[in-house]
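Scroll down for the structure; my scribbles are underneath it.
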Amino acid sequence: MLVPGQARVPPSATVRTYPVAEQWRYVWIWMGDPAFADVASIPDYHWNHDPSWVAVDGYFYVRGSYRLLIDNLLDLSHVAYVHATTLGTDRVADFPVKVRREDNKVHVDRWIVGEPAPPMFKLVGNFQGAVDRWQLIQYQEPSHFMIDVGCADAGTGAGEGNRSRGITMYSNHTLTPETATSTHYFWHHARNFRLGEPELTERLAKATSTAFGEDVGIVEAQQDRINRARPDKPIIDINADAGVLQARRLLDRLISEESAAGRRKARSD
Ligand SMILES: [Fe+2]
C-alpha cells in the first residue's frame, strides 16, 4: 500500500486481507483463520474448465440456510415434486438410495430403472422409450456437490458401466453461507456431448436455471416456516434422509474440530 508523501501507512487505513485462490473458473476465499487455509480442500470441479466438457453456470442469492440447500441436494427424491417440467418423473422416490461415507465425503446413489426419461434428458438425448437413469451424488464437506446424472436406453448396461447408449452430465453446486439464514449459491452444469451446439447450450442453461430456481423457492419457503415455527419443533427424518444425516454429522464434526483448533491456537498465540 502506498500513501502519497509518507512512508507510514496509518493503521486505520488498512483493511483485513484473506487468502484467495483461483481454480476451476471460481475464486475461492478463506474467511476463517488464515493458518487453516488449504488449497487442497478446493473440490475437483474440472468439468467447469475442461475443453471436453461444456458447462452452463449460474448464481442465486438465497434467503435460506446453506444447510437446507445441503438437505435438498442430498435427497433428489424431490425432483418428482419440485421439477415436474425439467427433471421430474413420477416414480423417482420409489427407487431406494445407497449411502456410503468416505473420509470427507458422502455418496448417495440412486438408479431409476426402466422408467421414462425426464423432460430435460429427452430434450438433449432424444430418448424415445424407457431409460435407466442414475443420480450419483458426491457431497464433499463443507458444502460442495458433484452430481453425476444421466440416463441410457433401458437395459443397455449403464448400471454395469456401459454408457454408450446414454448421456452424462455433471451437476455441481457450491454453497457459501452469508449468514445462518442466507446463502450465496453457485452452480455449474456440464455435458460432454453435442459440444458444438450453442443453441442446445442455451436451452440447457434455461432448463437448469429454471430447475435450480425452483429449489431456491422451496428452500426459502422452508426457511420462512422454520423462522416462524416454535424453536423446539423437531425435524423429522425419513429413509431418504440417510445421506443428509451423514452429511450433518460430518459438517458438525468439522465445525467443532475447527473451533477447538482455533481456541487452541488462540491460547498459544
Ligand atoms: Fe432440485
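Chain labels A, B, ... are given in the sequence in which chains occur in the C-alpha cells; within each chain residues are numbered consecutively from 1, and ligands are likewise numbered from 1 in the order shown.
Using only C-alpha atoms and all ligand atoms, residues with at least one atom at most 8 Å away from any atom of ligand 1 are A:Asn72, A:Leu73, A:Leu76, A:His78, A:Val79, A:Val82, A:His83, A:Ala211, A:Phe212, A:Glu214, A:Asp215.
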Proximity check range 59-124 of chain A to range 25-49 of chain A, 12 Å, nearest pairs one decimal Å, only C-alpha atoms, as CSV:
```
residue,atom,partner,partner_atom,distance
A:Tyr59,CA,A:Tyr26,CA,11.8
A:Asn104,CA,A:Ser41,CA,9.9
A:Lys105,CA,A:Pro43,CA,10.7
```
Writing out the chosen residues with N, CA and C atoms as an mmCIF file, in the first residue's frame:
```
data_model
loop_
_atom_site.group_PDB
_atom_site.id
_atom_site.type_symbol
_atom_site.label_atom_id
_atom_site.label_comp_id
_atom_site.auth_asym_id
_atom_site.auth_seq_id
_atom_site.Cartn_x
_atom_site.Cartn_y
_atom_site.Cartn_z
ATOM 1 N N TYR A 59 -25.874 -18.336 -10.574
ATOM 2 C CA TYR A 59 -25.750 -17.937 -9.169
ATOM 3 C C TYR A 59 -27.118 -17.518 -8.643
ATOM 4 N N ASN A 104 -13.945 -37.376 3.848
ATOM 5 C CA ASN A 104 -14.682 -36.108 3.972
ATOM 6 C C ASN A 104 -15.836 -36.031 2.972
ATOM 7 N N LYS A 105 -16.320 -37.202 2.545
ATOM 8 C CA LYS A 105 -17.375 -37.224 1.526
ATOM 9 C C LYS A 105 -18.525 -38.147 1.931
#
```
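For the pair CA of Ala93 in chain A and CA of Tyr185 in chain A, the separation is 25.1 Å.
Nearest residue to Glu102 in chain A among A:Met120, A:Gly58, A:Tyr139, A:Glu178 is A:Tyr139, counting only C-alpha atoms.
Here the question is which of A:Ser209, A:Asn192, A:Gln135, A:Gln128 gets nearest to Pro51 in chain A using only C-alpha atoms, and that residue is A:Asn192.
The residue set within 10 Å of Val97 in chain A, counting only C-alpha atoms and dropping same-chain residues fewer than 5 places from it, reads Asp75, Leu76, Ser77, His107, Val108, Asp109, Arg110, Trp111, Ile112, Gln135, Leu136, Asn239, Ala240, Asp241, Ala242 and Gly243 of chain A.
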Those residues you just picked out, can you put them in a file as a CSV table (one decimal), in the first residue's frame with N, CA, C and O atoms?
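To be explicit, this is the file written out as result-v2.csv:
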```csv
chain,number,residue,atom,x,y,z
A,75,ASP,N,-31.0,-35.2,-1.2
A,75,ASP,CA,-32.2,-36.0,-1.4
A,75,ASP,C,-32.9,-35.6,-2.7
A,75,ASP,O,-33.7,-34.7,-2.7
A,76,LEU,N,-32.5,-36.3,-3.7
A,76,LEU,CA,-33.1,-36.0,-5.0
A,76,LEU,C,-34.4,-36.6,-5.3
A,76,LEU,O,-34.9,-36.6,-6.4
A,77,SER,N,-35.1,-37.2,-4.3
A,77,SER,CA,-36.4,-37.7,-4.4
A,77,SER,C,-37.3,-36.5,-4.8
A,77,SER,O,-38.4,-36.6,-5.4
A,107,HIS,N,-21.5,-40.3,-0.2
A,107,HIS,CA,-22.1,-40.6,-1.5
A,107,HIS,C,-23.5,-41.1,-1.4
A,107,HIS,O,-23.8,-41.9,-0.5
A,108,VAL,N,-24.4,-40.6,-2.2
A,108,VAL,CA,-25.8,-41.1,-2.2
A,108,VAL,C,-26.1,-41.5,-3.7
A,108,VAL,O,-26.1,-40.7,-4.6
A,109,ASP,N,-26.3,-42.8,-3.9
A,109,ASP,CA,-26.5,-43.3,-5.3
A,109,ASP,C,-27.9,-43.8,-5.5
A,109,ASP,O,-28.4,-44.5,-4.6
A,110,ARG,N,-28.5,-43.4,-6.6
A,110,ARG,CA,-29.9,-43.9,-6.9
A,110,ARG,C,-29.9,-44.3,-8.4
A,110,ARG,O,-29.5,-43.6,-9.2
A,111,TRP,N,-30.4,-45.5,-8.6
A,111,TRP,CA,-30.7,-45.9,-10.0
A,111,TRP,C,-32.2,-46.0,-10.2
A,111,TRP,O,-32.9,-46.7,-9.4
A,112,ILE,N,-32.7,-45.4,-11.2
A,112,ILE,CA,-34.1,-45.4,-11.5
A,112,ILE,C,-34.2,-46.2,-12.9
A,112,ILE,O,-33.9,-45.7,-13.9
A,135,GLN,N,-28.6,-41.1,-10.5
A,135,GLN,CA,-28.3,-39.8,-9.8
A,135,GLN,C,-27.2,-40.2,-8.8
A,135,GLN,O,-27.5,-40.9,-7.8
A,136,LEU,N,-26.0,-39.9,-9.1
A,136,LEU,CA,-24.9,-40.4,-8.2
A,136,LEU,C,-24.3,-39.1,-7.5
A,136,LEU,O,-23.5,-38.4,-8.1
A,239,ASN,N,-36.5,-42.2,5.6
A,239,ASN,CA,-35.5,-43.1,5.0
A,239,ASN,C,-34.6,-42.3,4.0
A,239,ASN,O,-33.4,-42.5,3.9
A,240,ALA,N,-35.2,-41.5,3.2
A,240,ALA,CA,-34.5,-40.8,2.1
A,240,ALA,C,-33.4,-39.8,2.7
A,240,ALA,O,-32.6,-39.3,2.0
A,241,ASP,N,-33.5,-39.6,4.0
A,241,ASP,CA,-32.6,-38.6,4.6
A,241,ASP,C,-31.3,-39.3,5.1
A,241,ASP,O,-30.5,-38.6,5.8
A,242,ALA,N,-31.0,-40.6,4.8
A,242,ALA,CA,-29.9,-41.2,5.3
A,242,ALA,C,-28.6,-40.5,4.9
A,242,ALA,O,-27.7,-40.3,5.8
A,243,GLY,N,-28.5,-40.0,3.7
A,243,GLY,CA,-27.3,-39.2,3.3
A,243,GLY,C,-27.2,-37.9,4.0
A,243,GLY,O,-26.2,-37.4,4.4
```
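Using only C-alpha atoms, the shortest contact distance between Pro116 in chain A and any of A:Asp148, A:Asp153, A:Asp94, A:Glu197 is found at A:Asp153.
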### Task
Taking the chain letters and numbering used in this document, name the residues of range 116-262 of chain A that DSSP puts in strand (DSSP E or B), as a PyMOL selection string.
chain A and resi 116+130-140+144-153+166-179+182-191
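Nearest residue to Ser65 in chain A among A:Thr208, A:Leu175, A:Leu250, A:Ile236 is A:Leu175, counting only C-alpha atoms.
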### Message
So the first atom is CA of Leu254 in chain A and the second is CA of Arg67 in chain A; what is the distance between them in Å, to one decimal place?
### Response
13.9 Å
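Residue-level DSSP output for range 8-204 of chain A, from the backbone, shows alpha helix (DSSP H) at Tyr66, Arg67, Leu68, Leu69, Ile70, Asp71, Asn72, Leu73, Leu74, Val79, Ala80, Tyr81, Val82, Pro119, Met120, Phe121, Lys122, Leu123, Val124, Gly125, Pro198, Glu199, Leu200, Thr201, Glu202, Arg203 and Leu204 of chain A.
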Create the file for the chosen residues now, containing C-alpha atoms and written as a PDB file, in the first residue's frame.
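To be explicit, this is the file written out as result_38.pdb:
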```pdb
ATOM      1  CA  TYR A  66     -26.912 -23.409   3.375  1.00  0.00           C
ATOM      2  CA  ARG A  67     -27.883 -26.441   5.486  1.00  0.00           C
ATOM      3  CA  LEU A  68     -31.322 -26.536   3.885  1.00  0.00           C
ATOM      4  CA  LEU A  69     -29.660 -26.475   0.460  1.00  0.00           C
ATOM      5  CA  ILE A  70     -27.434 -29.382   1.537  1.00  0.00           C
ATOM      6  CA  ASP A  71     -30.572 -31.299   2.550  1.00  0.00           C
ATOM      7  CA  ASN A  72     -32.110 -30.503  -0.829  1.00  0.00           C
ATOM      8  CA  LEU A  73     -29.118 -31.609  -2.875  1.00  0.00           C
ATOM      9  CA  LEU A  74     -28.620 -34.838  -0.930  1.00  0.00           C
ATOM     10  CA  VAL A  79     -37.207 -33.932  -8.414  1.00  0.00           C
ATOM     11  CA  ALA A  80     -40.563 -35.714  -8.760  1.00  0.00           C
ATOM     12  CA  TYR A  81     -42.355 -32.951  -6.851  1.00  0.00           C
ATOM     13  CA  VAL A  82     -40.344 -29.791  -7.439  1.00  0.00           C
ATOM     14  CA  PRO A 119     -38.158 -33.758 -19.960  1.00  0.00           C
ATOM     15  CA  MET A 120     -34.632 -32.263 -19.793  1.00  0.00           C
ATOM     16  CA  PHE A 121     -32.958 -35.561 -20.717  1.00  0.00           C
ATOM     17  CA  LYS A 122     -35.449 -36.129 -23.536  1.00  0.00           C
ATOM     18  CA  LEU A 123     -34.578 -32.681 -24.844  1.00  0.00           C
ATOM     19  CA  VAL A 124     -30.857 -33.330 -25.000  1.00  0.00           C
ATOM     20  CA  GLY A 125     -30.726 -37.099 -25.620  1.00  0.00           C
ATOM     21  CA  PRO A 198     -24.683 -23.304 -28.802  1.00  0.00           C
ATOM     22  CA  GLU A 199     -28.458 -23.495 -29.154  1.00  0.00           C
ATOM     23  CA  LEU A 200     -28.516 -26.635 -27.027  1.00  0.00           C
ATOM     24  CA  THR A 201     -26.224 -24.928 -24.512  1.00  0.00           C
ATOM     25  CA  GLU A 202     -28.712 -22.086 -24.281  1.00  0.00           C
ATOM     26  CA  ARG A 203     -31.693 -24.393 -23.806  1.00  0.00           C
ATOM     27  CA  LEU A 204     -29.839 -26.334 -21.121  1.00  0.00           C
TER      28      LEU A 204
END
```
### Query
Could you pull the residues within 12 Å of Ala154 in chain A, counting only C-alpha atoms, minus those fewer than 3 positions along the same chain, as a PyMOL selection string?
chain A and resi 111-117+127-134+151+157-159+162-166
### Task
Can you pull out every residue within 10 Å of Ala13 in chain A, counting only C-alpha atoms, but drop anything in the same chain fewer than 3 positions away, and send it as JSON, numbers by chain?
{"A": [1, 3, 9, 10]}
Name the residues in contact with Ser52 in chain A at a cut-off of 8 Å, using only C-alpha atoms, excluding same-chain residues fewer than 2 positions from it; report them as an mmCIF file with N, CA, C and O atoms, in the first residue's frame.
```cif
data_model
loop_
_atom_site.group_PDB
_atom_site.id
_atom_site.type_symbol
_atom_site.label_atom_id
_atom_site.label_comp_id
_atom_site.auth_asym_id
_atom_site.auth_seq_id
_atom_site.Cartn_x
_atom_site.Cartn_y
_atom_site.Cartn_z
ATOM 1 N N ASP A 50 -12.630 -27.962 -18.369
ATOM 2 C CA ASP A 50 -12.059 -28.973 -19.240
ATOM 3 C C ASP A 50 -12.626 -28.805 -20.651
ATOM 4 O O ASP A 50 -13.846 -28.758 -20.817
ATOM 5 N N VAL A 54 -18.709 -28.911 -21.833
ATOM 6 C CA VAL A 54 -19.252 -27.547 -21.920
ATOM 7 C C VAL A 54 -20.158 -27.340 -20.706
ATOM 8 O O VAL A 54 -21.034 -28.163 -20.445
ATOM 9 N N ASN A 192 -20.751 -33.599 -21.901
ATOM 10 C CA ASN A 192 -19.606 -33.962 -22.753
ATOM 11 C C ASN A 192 -20.082 -34.498 -24.108
ATOM 12 O O ASN A 192 -19.417 -35.315 -24.712
ATOM 13 N N LEU A 195 -21.126 -30.921 -28.207
ATOM 14 C CA LEU A 195 -20.418 -29.755 -27.654
ATOM 15 C C LEU A 195 -20.557 -28.515 -28.540
ATOM 16 O O LEU A 195 -20.653 -27.404 -28.041
#
```
